[in-house]
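Q: Structure: target_12.tsv, TSV, C-alpha atoms.
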```
chain	number	residue	atom	x	y	z
E	26	MET	CA	74.49	85.18	148.71
E	27	GLN	CA	77.80	83.36	149.19
E	28	THR	CA	80.62	83.85	146.72
E	29	GLU	CA	82.57	81.08	145.06
E	30	GLU	CA	85.53	81.86	147.32
E	31	GLN	CA	83.33	81.33	150.40
E	32	THR	CA	81.71	78.09	149.22
E	33	GLY	CA	84.79	76.71	147.49
E	34	LYS	CA	82.62	75.73	144.51
E	35	HIS	CA	82.70	77.03	140.96
E	36	ASP	CA	79.32	77.76	139.36
E	37	ALA	CA	79.81	77.47	135.60
E	38	TYR	CA	76.38	79.06	134.98
E	39	ALA	CA	76.53	81.92	137.49
E	40	VAL	CA	76.67	84.73	134.95
E	41	LEU	CA	73.77	83.28	132.93
E	42	LYS	CA	71.44	84.06	135.84
E	43	LEU	CA	71.70	87.76	134.92
E	44	LYS	CA	68.91	88.82	132.53
E	45	ASP	CA	70.87	91.61	130.84
E	46	PHE	CA	73.83	89.32	130.21
E	47	ARG	CA	71.53	86.75	128.60
E	48	LEU	CA	70.16	89.50	126.36
E	49	PHE	CA	73.71	90.65	125.63
E	50	LEU	CA	74.74	87.13	124.57
E	51	SER	CA	71.66	86.84	122.33
E	52	PHE	CA	72.34	90.21	120.72
E	53	ARG	CA	75.98	89.33	120.10
E	54	PHE	CA	75.01	85.92	118.76
E	55	PHE	CA	72.92	87.34	115.92
E	56	MET	CA	75.33	90.20	115.22
E	57	THR	CA	78.19	87.70	114.89
E	58	ILE	CA	76.12	85.42	112.66
E	59	ALA	CA	75.51	88.37	110.34
E	60	ALA	CA	79.19	89.37	110.22
E	61	GLN	CA	80.38	85.80	109.66
E	62	MET	CA	77.81	85.14	106.95
E	63	GLN	CA	78.78	88.32	105.13
E	64	SER	CA	82.45	87.38	105.35
E	65	VAL	CA	82.03	83.97	103.74
E	66	ILE	CA	79.59	85.29	101.14
E	67	VAL	CA	81.89	88.14	100.10
E	68	GLY	CA	84.90	85.81	99.99
E	69	TRP	CA	83.18	83.28	97.76
E	70	GLN	CA	81.65	85.96	95.50
E	71	VAL	CA	84.99	87.73	95.00
E	72	TYR	CA	86.83	84.50	94.26
E	73	GLU	CA	84.13	83.46	91.77
E	74	LEU	CA	84.61	86.77	90.00
E	75	THR	CA	88.43	86.92	90.06
E	76	HIS	CA	89.88	83.42	90.73
E	77	ASP	CA	92.82	85.24	92.35
E	78	PRO	CA	94.05	84.50	95.92
E	79	LEU	CA	95.35	88.05	96.21
E	80	SER	CA	91.82	89.38	95.70
E	81	LEU	CA	90.81	87.53	98.88
E	82	GLY	CA	93.66	89.16	100.76
E	83	LEU	CA	92.49	92.57	99.55
E	84	ILE	CA	89.13	91.95	101.23
E	85	GLY	CA	90.94	91.88	104.57
E	86	LEU	CA	92.90	94.99	103.70
E	87	ALA	CA	89.74	96.85	102.65
E	88	GLU	CA	88.21	96.15	106.06
E	89	ALA	CA	91.37	96.67	108.12
E	90	LEU	CA	92.36	100.14	106.86
E	91	PRO	CA	89.21	102.01	108.01
E	92	PHE	CA	88.96	99.77	111.08
E	93	ILE	CA	92.45	100.53	112.35
E	94	SER	CA	92.47	104.19	111.30
E	95	ILE	CA	89.42	105.04	113.44
E	96	ALA	CA	89.75	102.46	116.25
E	97	LEU	CA	91.38	104.73	118.85
E	98	TYR	CA	88.76	107.41	118.35
E	99	ALA	CA	86.06	104.73	118.61
E	100	GLY	CA	87.47	103.73	122.00
E	101	HIS	CA	87.34	107.38	123.12
E	102	ILE	CA	83.68	107.53	122.06
E	103	ALA	CA	82.92	104.32	123.99
E	104	ASP	CA	84.38	105.90	127.15
E	105	ARG	CA	82.41	109.13	126.80
E	106	PHE	CA	78.94	108.19	125.56
E	107	ASN	CA	76.21	105.61	126.14
E	108	ARG	CA	77.61	102.33	124.85
E	109	LYS	CA	74.23	100.85	123.99
E	110	LYS	CA	73.38	103.79	121.72
E	111	ILE	CA	76.78	103.61	120.02
E	112	ILE	CA	76.18	99.95	119.18
E	113	LEU	CA	72.71	100.71	117.81
E	114	TRP	CA	73.97	103.44	115.48
E	115	PHE	CA	76.78	101.35	114.05
E	116	ASP	CA	74.64	98.24	113.76
E	117	PHE	CA	72.56	100.29	111.34
E	118	LEU	CA	75.71	101.34	109.45
E	119	PHE	CA	76.61	97.67	109.05
E	120	ILE	CA	73.09	96.98	107.77
E	121	PHE	CA	73.55	99.83	105.28
E	122	ALA	CA	76.74	98.23	103.96
E	123	SER	CA	75.01	94.85	103.61
E	124	GLY	CA	72.14	96.52	101.77
E	125	LEU	CA	74.62	98.08	99.33
E	126	LEU	CA	76.17	94.66	98.67
E	127	LEU	CA	72.70	93.34	97.89
E	128	LEU	CA	71.94	96.24	95.50
E	129	ILE	CA	75.30	95.82	93.76
E	130	THR	CA	74.63	92.12	93.28
E	131	TYR	CA	71.21	92.83	91.75
E	132	ASN	CA	72.92	94.98	89.12
E	133	LYS	CA	76.07	92.87	88.90
E	134	THR	CA	76.36	92.81	85.10
E	135	GLY	CA	76.67	96.56	84.77
E	136	ILE	CA	78.57	97.33	87.98
E	137	PHE	CA	81.05	94.44	87.93
E	138	GLY	CA	81.55	94.88	84.20
E	139	LYS	CA	82.49	98.53	84.68
E	140	PHE	CA	84.26	98.58	88.06
E	141	GLY	CA	85.19	94.96	88.74
E	142	VAL	CA	85.07	94.01	92.43
E	143	LEU	CA	85.98	97.51	93.65
E	144	PRO	CA	82.37	98.26	94.79
E	145	ILE	CA	82.49	95.14	96.98
E	146	TYR	CA	85.70	96.36	98.60
E	147	LEU	CA	84.08	99.75	99.28
E	148	CYS	CA	81.14	98.06	101.04
E	149	VAL	CA	83.55	95.95	103.06
E	150	ALA	CA	85.34	99.17	104.07
E	151	ILE	CA	82.05	100.59	105.40
E	152	SER	CA	81.57	97.37	107.39
E	153	GLY	CA	85.09	97.79	108.77
E	154	LEU	CA	84.27	101.32	109.89
E	155	ALA	CA	81.15	100.05	111.68
E	156	ARG	CA	83.08	97.23	113.37
E	157	ALA	CA	85.69	99.71	114.63
E	158	PHE	CA	83.02	101.41	116.76
E	159	LEU	CA	81.10	98.25	117.61
E	160	TYR	CA	83.98	96.35	119.17
E	161	PRO	CA	85.07	98.68	122.02
E	162	ALA	CA	81.48	99.65	122.81
E	163	THR	CA	80.42	95.98	122.95
E	164	ILE	CA	83.33	94.90	125.17
E	165	ALA	CA	82.78	97.87	127.50
E	166	LEU	CA	79.03	97.21	127.67
E	167	MET	CA	79.62	93.59	128.66
E	168	ALA	CA	81.72	94.72	131.62
E	169	GLN	CA	78.88	97.00	132.71
E	170	VAL	CA	76.22	94.27	132.82
E	171	VAL	CA	78.40	91.81	134.80
E	172	PRO	CA	79.87	92.12	138.34
E	173	ARG	CA	83.65	92.03	138.56
E	174	SER	CA	83.68	88.66	140.34
E	175	LEU	CA	82.13	87.07	137.23
E	176	TYR	CA	84.42	88.57	134.56
E	177	THR	CA	86.23	85.30	133.83
E	178	ASN	CA	82.94	83.41	133.79
E	179	SER	CA	81.38	86.00	131.46
E	180	SER	CA	84.44	85.94	129.17
E	181	THR	CA	84.07	82.17	128.79
E	182	TRP	CA	80.37	82.34	127.95
E	183	ASN	CA	80.88	85.35	125.67
E	184	SER	CA	83.51	83.36	123.78
E	185	THR	CA	81.25	80.29	123.71
E	186	ILE	CA	78.30	82.16	122.21
E	187	TRP	CA	80.56	84.03	119.78
E	188	GLN	CA	82.06	80.76	118.61
E	189	ILE	CA	78.66	79.09	118.22
E	190	ALA	CA	77.56	82.06	116.13
E	191	ALA	CA	80.81	81.87	114.19
E	192	ILE	CA	79.99	78.24	113.42
E	193	THR	CA	76.42	78.99	112.44
E	194	GLY	CA	77.24	82.06	110.35
E	195	PRO	CA	79.65	80.51	107.82
E	196	ALA	CA	77.57	77.33	107.63
E	197	ILE	CA	74.36	79.27	106.92
E	198	GLY	CA	76.18	81.65	104.57
E	199	GLY	CA	77.71	78.83	102.55
E	200	LEU	CA	74.52	76.75	102.43
E	201	VAL	CA	72.23	79.66	101.54
E	202	TYR	CA	74.70	80.83	98.89
E	203	GLY	CA	74.98	77.31	97.47
E	204	PHE	CA	71.27	76.48	97.41
E	205	PHE	CA	69.53	79.85	97.03
E	206	GLY	CA	72.12	82.22	95.57
E	207	VAL	CA	74.05	85.28	96.65
E	208	LYS	CA	71.03	87.64	96.79
E	209	VAL	CA	69.13	85.56	99.33
E	210	ALA	CA	72.38	85.13	101.26
E	211	TYR	CA	72.79	88.92	101.65
E	212	MET	CA	69.13	89.23	102.66
E	213	THR	CA	69.76	86.69	105.42
E	214	VAL	CA	72.65	88.82	106.70
E	215	ILE	CA	70.37	91.86	106.97
E	216	VAL	CA	67.63	89.93	108.79
E	217	SER	CA	70.10	88.55	111.33
E	218	MET	CA	71.48	92.00	112.09
E	219	LEU	CA	67.97	93.41	112.56
E	220	VAL	CA	67.23	90.66	115.11
E	221	SER	CA	70.37	91.66	117.03
E	222	VAL	CA	69.16	95.28	117.11
E	223	LEU	CA	65.80	94.23	118.57
E	224	LEU	CA	67.53	92.26	121.33
E	225	LEU	CA	69.87	95.14	122.15
E	226	PHE	CA	66.90	97.47	122.66
E	227	ASN	CA	65.87	95.38	125.70
E	228	ILE	CA	69.20	95.73	127.55
E	229	GLN	CA	69.12	98.36	130.27
E	230	SER	CA	71.17	101.46	129.47
E	231	ARG	CA	73.93	102.27	131.95
E	232	PRO	CA	75.77	105.57	132.43
E	233	VAL	CA	79.43	105.98	131.53
E	234	HIS	CA	81.63	107.36	134.31
E	235	VAL	CA	84.04	109.95	132.91
E	236	ILE	CA	86.80	110.69	135.44
E	237	ASP	CA	88.40	113.81	133.93
E	238	GLU	CA	86.09	116.00	131.85
E	239	LYS	CA	88.93	118.47	131.13
E	240	GLU	CA	91.08	116.01	129.19
E	241	THR	CA	91.45	116.83	125.51
E	242	LEU	CA	90.80	114.23	122.84
E	243	MET	CA	94.51	113.73	122.21
E	244	GLN	CA	95.20	113.36	125.94
E	245	ARG	CA	92.50	110.71	126.27
E	246	LEU	CA	93.79	108.78	123.28
E	247	ALA	CA	97.38	109.03	124.52
E	248	ASN	CA	96.39	107.87	128.02
E	249	GLY	CA	94.68	104.79	126.59
E	250	ILE	CA	97.71	103.87	124.51
E	251	ARG	CA	100.08	104.59	127.40
E	252	PHE	CA	98.06	102.40	129.77
E	253	VAL	CA	98.28	99.39	127.45
E	254	PHE	CA	101.93	99.81	126.46
E	255	SER	CA	103.03	100.25	130.08
E	256	ASN	CA	101.30	97.04	131.15
E	257	GLN	CA	103.25	93.89	130.25
E	258	LEU	CA	100.22	91.64	130.73
E	259	LEU	CA	97.99	93.57	128.33
E	260	LEU	CA	100.65	94.34	125.75
E	261	GLY	CA	102.06	90.82	125.82
E	262	ALA	CA	98.68	89.11	125.42
E	263	MET	CA	97.60	91.45	122.62
E	264	ALA	CA	100.90	91.23	120.74
E	265	LEU	CA	101.02	87.43	121.04
E	266	ASP	CA	97.55	87.13	119.55
E	267	MET	CA	98.23	89.68	116.83
E	268	PHE	CA	101.45	88.19	115.46
E	269	ALA	CA	100.33	84.57	115.88
E	270	VAL	CA	97.14	85.04	113.89
E	271	LEU	CA	98.79	87.52	111.50
E	272	PHE	CA	101.11	84.77	110.29
E	273	GLY	CA	99.24	81.63	111.30
E	274	GLY	CA	95.72	82.38	110.09
E	275	ALA	CA	94.55	80.34	107.10
E	276	VAL	CA	90.90	81.44	107.02
E	277	ALA	CA	91.34	83.96	104.20
E	278	MET	CA	92.72	81.23	101.94
E	279	LEU	CA	89.95	78.72	102.64
E	280	PRO	CA	88.12	79.47	99.35
E	281	VAL	CA	91.31	78.49	97.51
E	282	PHE	CA	91.78	75.35	99.61
E	283	ALA	CA	88.11	74.47	99.02
E	284	VAL	CA	88.35	74.80	95.23
E	285	GLU	CA	91.90	73.75	94.36
E	286	VAL	CA	93.00	71.37	97.14
E	287	LEU	CA	89.90	69.76	98.64
E	288	LYS	CA	87.63	70.04	95.56
E	289	VAL	CA	84.45	71.17	97.37
E	290	GLY	CA	81.89	73.91	96.63
E	291	PRO	CA	80.47	76.78	98.71
E	292	GLU	CA	78.74	74.29	101.02
E	293	GLY	CA	82.13	72.72	101.80
E	294	LEU	CA	83.64	76.17	102.29
E	295	GLY	CA	80.96	76.95	104.85
E	296	LEU	CA	81.83	73.77	106.75
E	297	LEU	CA	85.55	74.57	106.63
E	298	ARG	CA	84.90	78.08	107.93
E	299	ALA	CA	82.76	76.65	110.72
E	300	SER	CA	85.24	73.97	111.80
E	301	PRO	CA	87.53	76.18	113.95
E	302	MET	CA	84.46	77.45	115.76
E	303	VAL	CA	83.24	73.91	116.45
E	304	GLY	CA	86.53	73.22	118.19
E	305	ALA	CA	86.32	76.53	120.03
E	306	VAL	CA	82.85	75.73	121.37
E	307	LEU	CA	84.03	72.35	122.63
E	308	MET	CA	86.91	74.04	124.40
E	309	SER	CA	84.57	76.70	125.80
E	310	VAL	CA	82.54	73.97	127.51
E	311	VAL	CA	85.73	72.68	129.12
E	312	LEU	CA	86.76	76.19	130.20
E	313	ALA	CA	83.32	76.92	131.67
E	314	TYR	CA	83.83	74.07	134.14
E	315	ARG	CA	87.60	74.42	134.48
E	316	PRO	CA	88.29	78.15	134.05
E	317	PRO	CA	91.87	79.07	133.04
E	318	VAL	CA	92.61	81.09	136.15
E	319	VAL	CA	95.63	79.93	138.16
E	320	ARG	CA	98.01	78.99	135.31
E	321	ALA	CA	96.51	81.35	132.76
E	322	GLY	CA	99.84	82.53	131.32
E	323	ARG	CA	101.18	79.05	130.74
E	324	LEU	CA	97.92	77.94	129.16
E	325	LEU	CA	97.97	81.01	126.92
E	326	MET	CA	101.38	80.02	125.52
E	327	ILE	CA	100.30	76.40	125.03
E	328	GLY	CA	97.15	77.49	123.26
E	329	VAL	CA	98.92	79.70	120.72
E	330	ALA	CA	101.63	77.09	120.07
E	331	GLY	CA	98.97	74.41	119.53
E	332	PHE	CA	97.21	76.74	117.11
E	333	GLY	CA	100.37	77.10	115.02
E	334	LEU	CA	100.98	73.34	114.89
E	335	SER	CA	97.37	72.70	113.83
E	336	ILE	CA	97.67	75.17	110.96
E	337	ILE	CA	100.87	73.51	109.70
E	338	CYS	CA	99.14	70.11	109.65
E	339	PHE	CA	96.10	71.60	107.92
E	340	ALA	CA	98.29	72.92	105.11
E	341	LEU	CA	99.60	69.41	104.48
E	342	SER	CA	96.18	67.72	104.49
E	343	LYS	CA	94.51	66.66	101.23
E	344	ASN	CA	91.47	65.07	102.88
E	345	PHE	CA	88.38	67.20	103.46
E	346	PHE	CA	87.37	65.58	106.76
E	347	LEU	CA	90.92	65.57	108.12
E	348	SER	CA	91.18	69.25	107.20
E	349	MET	CA	87.95	69.96	109.07
E	350	GLY	CA	89.33	68.13	112.12
E	351	LEU	CA	92.60	70.05	112.08
E	352	LEU	CA	90.76	73.37	111.76
E	353	ALA	CA	88.59	72.34	114.70
E	354	LEU	CA	91.74	71.60	116.69
E	355	SER	CA	93.12	75.03	115.82
E	356	GLY	CA	89.89	76.55	117.11
E	357	MET	CA	90.19	74.66	120.41
E	358	PHE	CA	93.70	76.01	121.01
E	359	ASP	CA	92.80	79.51	119.83
E	360	ASN	CA	89.84	79.77	122.18
E	361	ILE	CA	92.11	79.27	125.19
E	362	SER	CA	93.96	82.45	124.30
E	363	VAL	CA	90.74	84.34	123.48
E	364	VAL	CA	89.19	83.66	126.90
E	365	ILE	CA	92.38	84.47	128.81
E	366	ARG	CA	93.05	87.67	126.83
E	367	LEU	CA	89.50	89.00	127.26
E	368	ALA	CA	89.40	88.17	130.98
E	369	THR	CA	92.77	89.88	131.47
E	370	MET	CA	91.58	92.97	129.64
E	371	GLN	CA	88.39	93.17	131.72
E	372	LEU	CA	90.19	92.66	135.05
E	373	VAL	CA	93.18	94.94	134.48
E	374	ALA	CA	91.48	97.94	132.81
E	375	PRO	CA	89.37	100.36	134.93
E	376	ASP	CA	85.81	100.98	133.69
E	377	GLU	CA	86.50	104.57	132.63
E	378	MET	CA	89.24	103.31	130.29
E	379	ARG	CA	87.74	100.04	129.01
E	380	GLY	CA	86.62	101.51	125.70
E	381	ARG	CA	90.10	102.82	124.89
E	382	VAL	CA	91.82	99.62	126.04
E	383	ALA	CA	89.36	97.60	123.94
E	384	SER	CA	90.06	99.87	120.96
E	385	VAL	CA	93.81	99.29	121.26
E	386	ASN	CA	93.06	95.58	121.48
E	387	SER	CA	90.83	95.90	118.42
E	388	ILE	CA	93.78	97.32	116.47
E	389	PHE	CA	95.82	94.27	117.42
E	390	VAL	CA	92.91	91.94	116.57
E	391	GLY	CA	92.10	93.84	113.38
E	392	SER	CA	95.72	93.71	112.35
E	393	SER	CA	95.89	89.97	112.94
E	394	ASN	CA	92.65	89.13	111.18
E	395	GLU	CA	92.18	91.63	108.36
E	396	ILE	CA	95.81	92.53	107.62
E	397	GLY	CA	96.60	88.87	108.23
E	398	SER	CA	94.22	88.08	105.39
E	399	PHE	CA	96.17	90.46	103.15
E	400	GLU	CA	99.47	88.90	104.25
E	401	SER	CA	98.08	85.45	103.49
E	402	GLY	CA	97.06	86.54	100.01
E	403	VAL	CA	100.44	88.08	99.25
E	404	ALA	CA	102.33	85.09	100.70
E	405	ALA	CA	100.21	82.64	98.70
E	406	LYS	CA	100.89	84.65	95.55
E	407	LEU	CA	104.65	84.72	96.13
E	408	MET	CA	105.34	81.36	97.79
E	409	GLY	CA	102.44	79.21	96.70
E	410	LEU	CA	99.37	78.29	98.73
E	411	ILE	CA	100.60	75.39	100.88
E	412	PRO	CA	104.18	76.65	101.54
E	413	SER	CA	102.81	80.03	102.63
E	414	VAL	CA	100.51	78.48	105.25
E	415	ILE	CA	103.29	76.21	106.56
E	416	PHE	CA	105.59	79.23	106.82
E	417	GLY	CA	102.91	81.09	108.79
E	418	GLY	CA	102.51	78.23	111.25
E	419	ILE	CA	106.29	78.06	111.84
E	420	MET	CA	106.36	81.83	112.44
E	421	THR	CA	103.60	81.43	115.03
E	422	LEU	CA	105.70	78.92	116.98
E	423	GLY	CA	108.65	81.30	116.90
E	424	ILE	CA	106.48	84.15	118.19
E	425	VAL	CA	105.34	82.06	121.16
E	426	GLY	CA	108.95	81.41	122.13
E	427	ALA	CA	109.89	85.07	121.79
E	428	THR	CA	106.89	86.23	123.86
E	429	ALA	CA	107.57	83.71	126.62
E	430	LYS	CA	111.07	85.15	126.97
E	431	TRP	CA	110.15	88.83	126.55
E	432	ALA	CA	107.07	88.87	128.85
E	433	PRO	CA	107.78	86.76	131.97
E	434	LYS	CA	104.85	88.38	133.83
E	435	LEU	CA	102.49	87.13	131.14
E	436	ARG	CA	104.01	83.67	131.25
E	437	LYS	CA	103.37	83.56	135.04
E	438	LEU	CA	99.90	85.19	134.84
E	439	ASN	CA	97.44	84.13	137.55
E	440	LEU	CA	93.99	85.70	137.01
E	441	ARG	CA	92.92	84.91	140.55
E	442	THR	CA	95.14	87.70	141.87
E	443	PHE	CA	92.94	90.28	140.08
E	444	SER	CA	89.49	88.97	141.12
```
Would you mind writing the structure in this file as structure tokens?

A:
Amino acid sequence: MQTEEQTGKHDAYAVLKLKDFRLFLSFRFFMTIAAQMQSVIVGWQVYELTHDPLSLGLIGLAEALPFISIALYAGHIADRFNRKKIILWFDFLFIFASGLLLLITYNKTGIFGKFGVLPIYLCVAISGLARAFLYPATIALMAQVVPRSLYTNSSTWNSTIWQIAAITGPAIGGLVYGFFGVKVAYMTVIVSMLVSVLLLFNIQSRPVHVIDEKETLMQRLANGIRFVFSNQLLLGAMALDMFAVLFGGAVAMLPVFAVEVLKVGPEGLGLLRASPMVGAVLMSVVLAYRPPVVRAGRLLMIGVAGFGLSIICFALSKNFFLSMGLLALSGMFDNISVVIRLATMQLVAPDEMRGRVASVNSIFVGSSNEIGSFESGVAAKLMGLIPSVIFGGIMTLGIVGATAKWAPKLRKLNLRTFS
């Protein structure tokens, strides 16, 4: 079979010819739907109970603290044990957390009356713990089911399917919540996660190659951190994403925008949450045919800067459909950086260290998303909703400029040199 280099042609669907990768995409699709649904359901439920933007930020903090605290150890586990089994165990832990949310909601009068929304935060923390182990194991498993020559292609399709699921999840979550209520919404989360488990069972298990059995736990964790922080490409890409989304993310505040600015209900919130993913899917189609390989570093910078500008314009919008369009645009720009960062991580990290590298990346991602949600809540409380989002977008632009100067290797990144 001739390679793309030999034929001179790019096959956008090459990786989809692999059965295990198709199963992997299907499994991740339903797992992501479940996580996204739960996120929008919890956000709307908490805001209905508190009407406080800071309470939405605390959701992110409740998930980020256990996630970040255990992430490095989770990466160590992903490099030592069967990655498929790790995912199965922590899928069930996520299902357990969703089941607790459902039980709490059934007895909401007594529980919320006595403890407020604290039980919800505790369930979110359990979900964060599960996600800490799921992320590095999932990223490492993907690299095992795909040949190295198809890493960029697989990263694009992985991002595409994730984004489609991230569109579907909030939309389903908002619509089910709006039309059938919060209990049915949580039931839908559980069903989706169970489907993902069934799909994962059909993926072939693959052994993990441990290079040095004599390394202690602390040595293995230190080696993973050292590998990332000594590599300008990895550290630069991760830091750029972390600080850009940390300040520029507006997702946590969407329930407030939906209620107070755009005057829409949970159905509208679901559409707003889905809009960035719609844009990301459109961009994924473009990247599947025109992969960001040769000028990857330059495109990465453009993508993050475009994301920041889109968020600033979103903050100024008072029209629901314009806001949806600007969020979609932010998703298009953001997906460029997602594909390039994941492909870089897969190509640069050796297989025996992919779990630990992914776990370090998960700390950066977790910091940007979950702690970013907390930052958004605090900023909205102190500065006001719209000024806080504009400030975050301006900070994102500044971070792009600083990264371009600090990490010239990242700015000049060419993924083809690693294939």

Q: Could you check the closest approach to Gly194 of chain E for each of E:Val373, E:Met243, E:Val286, E:Met302 and tell me which residue wins, using all atoms listed in the file?

A: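 Once distances to Gly194 of chain E are computed over all atoms listed in the file, the minimum belongs to E:Met302.
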
Q: Please compute the atom CA of His76 of chain E-atom CA of Phe140 of chain E distance, one decimal, in Å.

A: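 These two atoms are separated by 16.4 Å.
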
Q: Which residue out of E:Ser401, E:Thr369, E:Thr185, E:Asn439 has the minimum interatomic distance to Met263 of chain E when all atoms listed in the file are used?

A: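 Counting all atoms listed in the file, the residue closest to Met263 of chain E is E:Thr369.
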
Q: Counting all atoms listed in the file, which of E:Gly331, E:Lys437, E:Ala353, E:His101 gets nearest to Leu242 of chain E?

A: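 Closest candidate: E:His101.
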
Q: Could you give me, as an MDAnalysis selection string, the residues within 9 Å of Leu265 of chain E, counting all atoms listed in the file and dropping anything in the same chain fewer than 5 positions from it?

A: chainID E and resid 260 270 326 329 421 424:425 428

Q: In Å, with one decimal, what is the gap from atom CA of Ile415 of chain E to atom CA of Leu341 of chain E?

A: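 Value for the atom CA of Ile415 of chain E-atom CA of Leu341 of chain E distance: 8.0 Å.
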
Q: Calculate how many Å separate atom CA of Glu292 of chain E from atom CA of Asp77 of chain E, rounding to one decimal.

A: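 Straight-line distance from atom CA of Glu292 of chain E to atom CA of Asp77 of chain E works out to 19.8 Å.
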
Q: Please complete segment 418-430 of chain E with N, CA and C atoms and give it back as a PDB file, in the coordinates of the input.

A:
```pdb
ATOM      1  N   GLY E 418     102.572  79.029 110.039  1.00  0.00           N
ATOM      2  CA  GLY E 418     102.510  78.230 111.250  1.00  0.00           C
ATOM      3  C   GLY E 418     103.845  78.189 111.986  1.00  0.00           C
ATOM      4  N   ILE E 419     104.949  78.078 111.232  1.00  0.00           N
ATOM      5  CA  ILE E 419     106.290  78.060 111.840  1.00  0.00           C
ATOM      6  C   ILE E 419     106.579  79.414 112.502  1.00  0.00           C
ATOM      7  N   MET E 420     106.174  80.505 111.857  1.00  0.00           N
ATOM      8  CA  MET E 420     106.360  81.830 112.440  1.00  0.00           C
ATOM      9  C   MET E 420     105.593  81.957 113.755  1.00  0.00           C
ATOM     10  N   THR E 421     104.401  81.377 113.814  1.00  0.00           N
ATOM     11  CA  THR E 421     103.600  81.430 115.030  1.00  0.00           C
ATOM     12  C   THR E 421     104.337  80.766 116.194  1.00  0.00           C
ATOM     13  N   LEU E 422     104.950  79.608 115.938  1.00  0.00           N
ATOM     14  CA  LEU E 422     105.700  78.920 116.980  1.00  0.00           C
ATOM     15  C   LEU E 422     106.878  79.771 117.467  1.00  0.00           C
ATOM     16  N   GLY E 423     107.548  80.432 116.524  1.00  0.00           N
ATOM     17  CA  GLY E 423     108.650  81.300 116.900  1.00  0.00           C
ATOM     18  C   GLY E 423     108.198  82.476 117.755  1.00  0.00           C
ATOM     19  N   ILE E 424     107.016  83.004 117.445  1.00  0.00           N
ATOM     20  CA  ILE E 424     106.480  84.150 118.190  1.00  0.00           C
ATOM     21  C   ILE E 424     106.148  83.748 119.627  1.00  0.00           C
ATOM     22  N   VAL E 425     105.633  82.536 119.809  1.00  0.00           N
ATOM     23  CA  VAL E 425     105.340  82.060 121.160  1.00  0.00           C
ATOM     24  C   VAL E 425     106.621  82.010 121.997  1.00  0.00           C
ATOM     25  N   GLY E 426     107.678  81.475 121.417  1.00  0.00           N
ATOM     26  CA  GLY E 426     108.950  81.410 122.130  1.00  0.00           C
ATOM     27  C   GLY E 426     109.481  82.782 122.488  1.00  0.00           C
ATOM     28  N   ALA E 427     109.391  83.717 121.547  1.00  0.00           N
ATOM     29  CA  ALA E 427     109.890  85.070 121.790  1.00  0.00           C
ATOM     30  C   ALA E 427     109.070  85.769 122.885  1.00  0.00           C
ATOM     31  N   THR E 428     107.751  85.596 122.861  1.00  0.00           N
ATOM     32  CA  THR E 428     106.890  86.230 123.860  1.00  0.00           C
ATOM     33  C   THR E 428     107.128  85.659 125.246  1.00  0.00           C
ATOM     34  N   ALA E 429     107.305  84.341 125.329  1.00  0.00           N
ATOM     35  CA  ALA E 429     107.570  83.710 126.620  1.00  0.00           C
ATOM     36  C   ALA E 429     108.834  84.274 127.268  1.00  0.00           C
ATOM     37  N   LYS E 430     109.828  84.604 126.453  1.00  0.00           N
ATOM     38  CA  LYS E 430     111.070  85.150 126.970  1.00  0.00           C
ATOM     39  C   LYS E 430     110.952  86.635 127.280  1.00  0.00           C
TER      40      LYS E 430
END
```
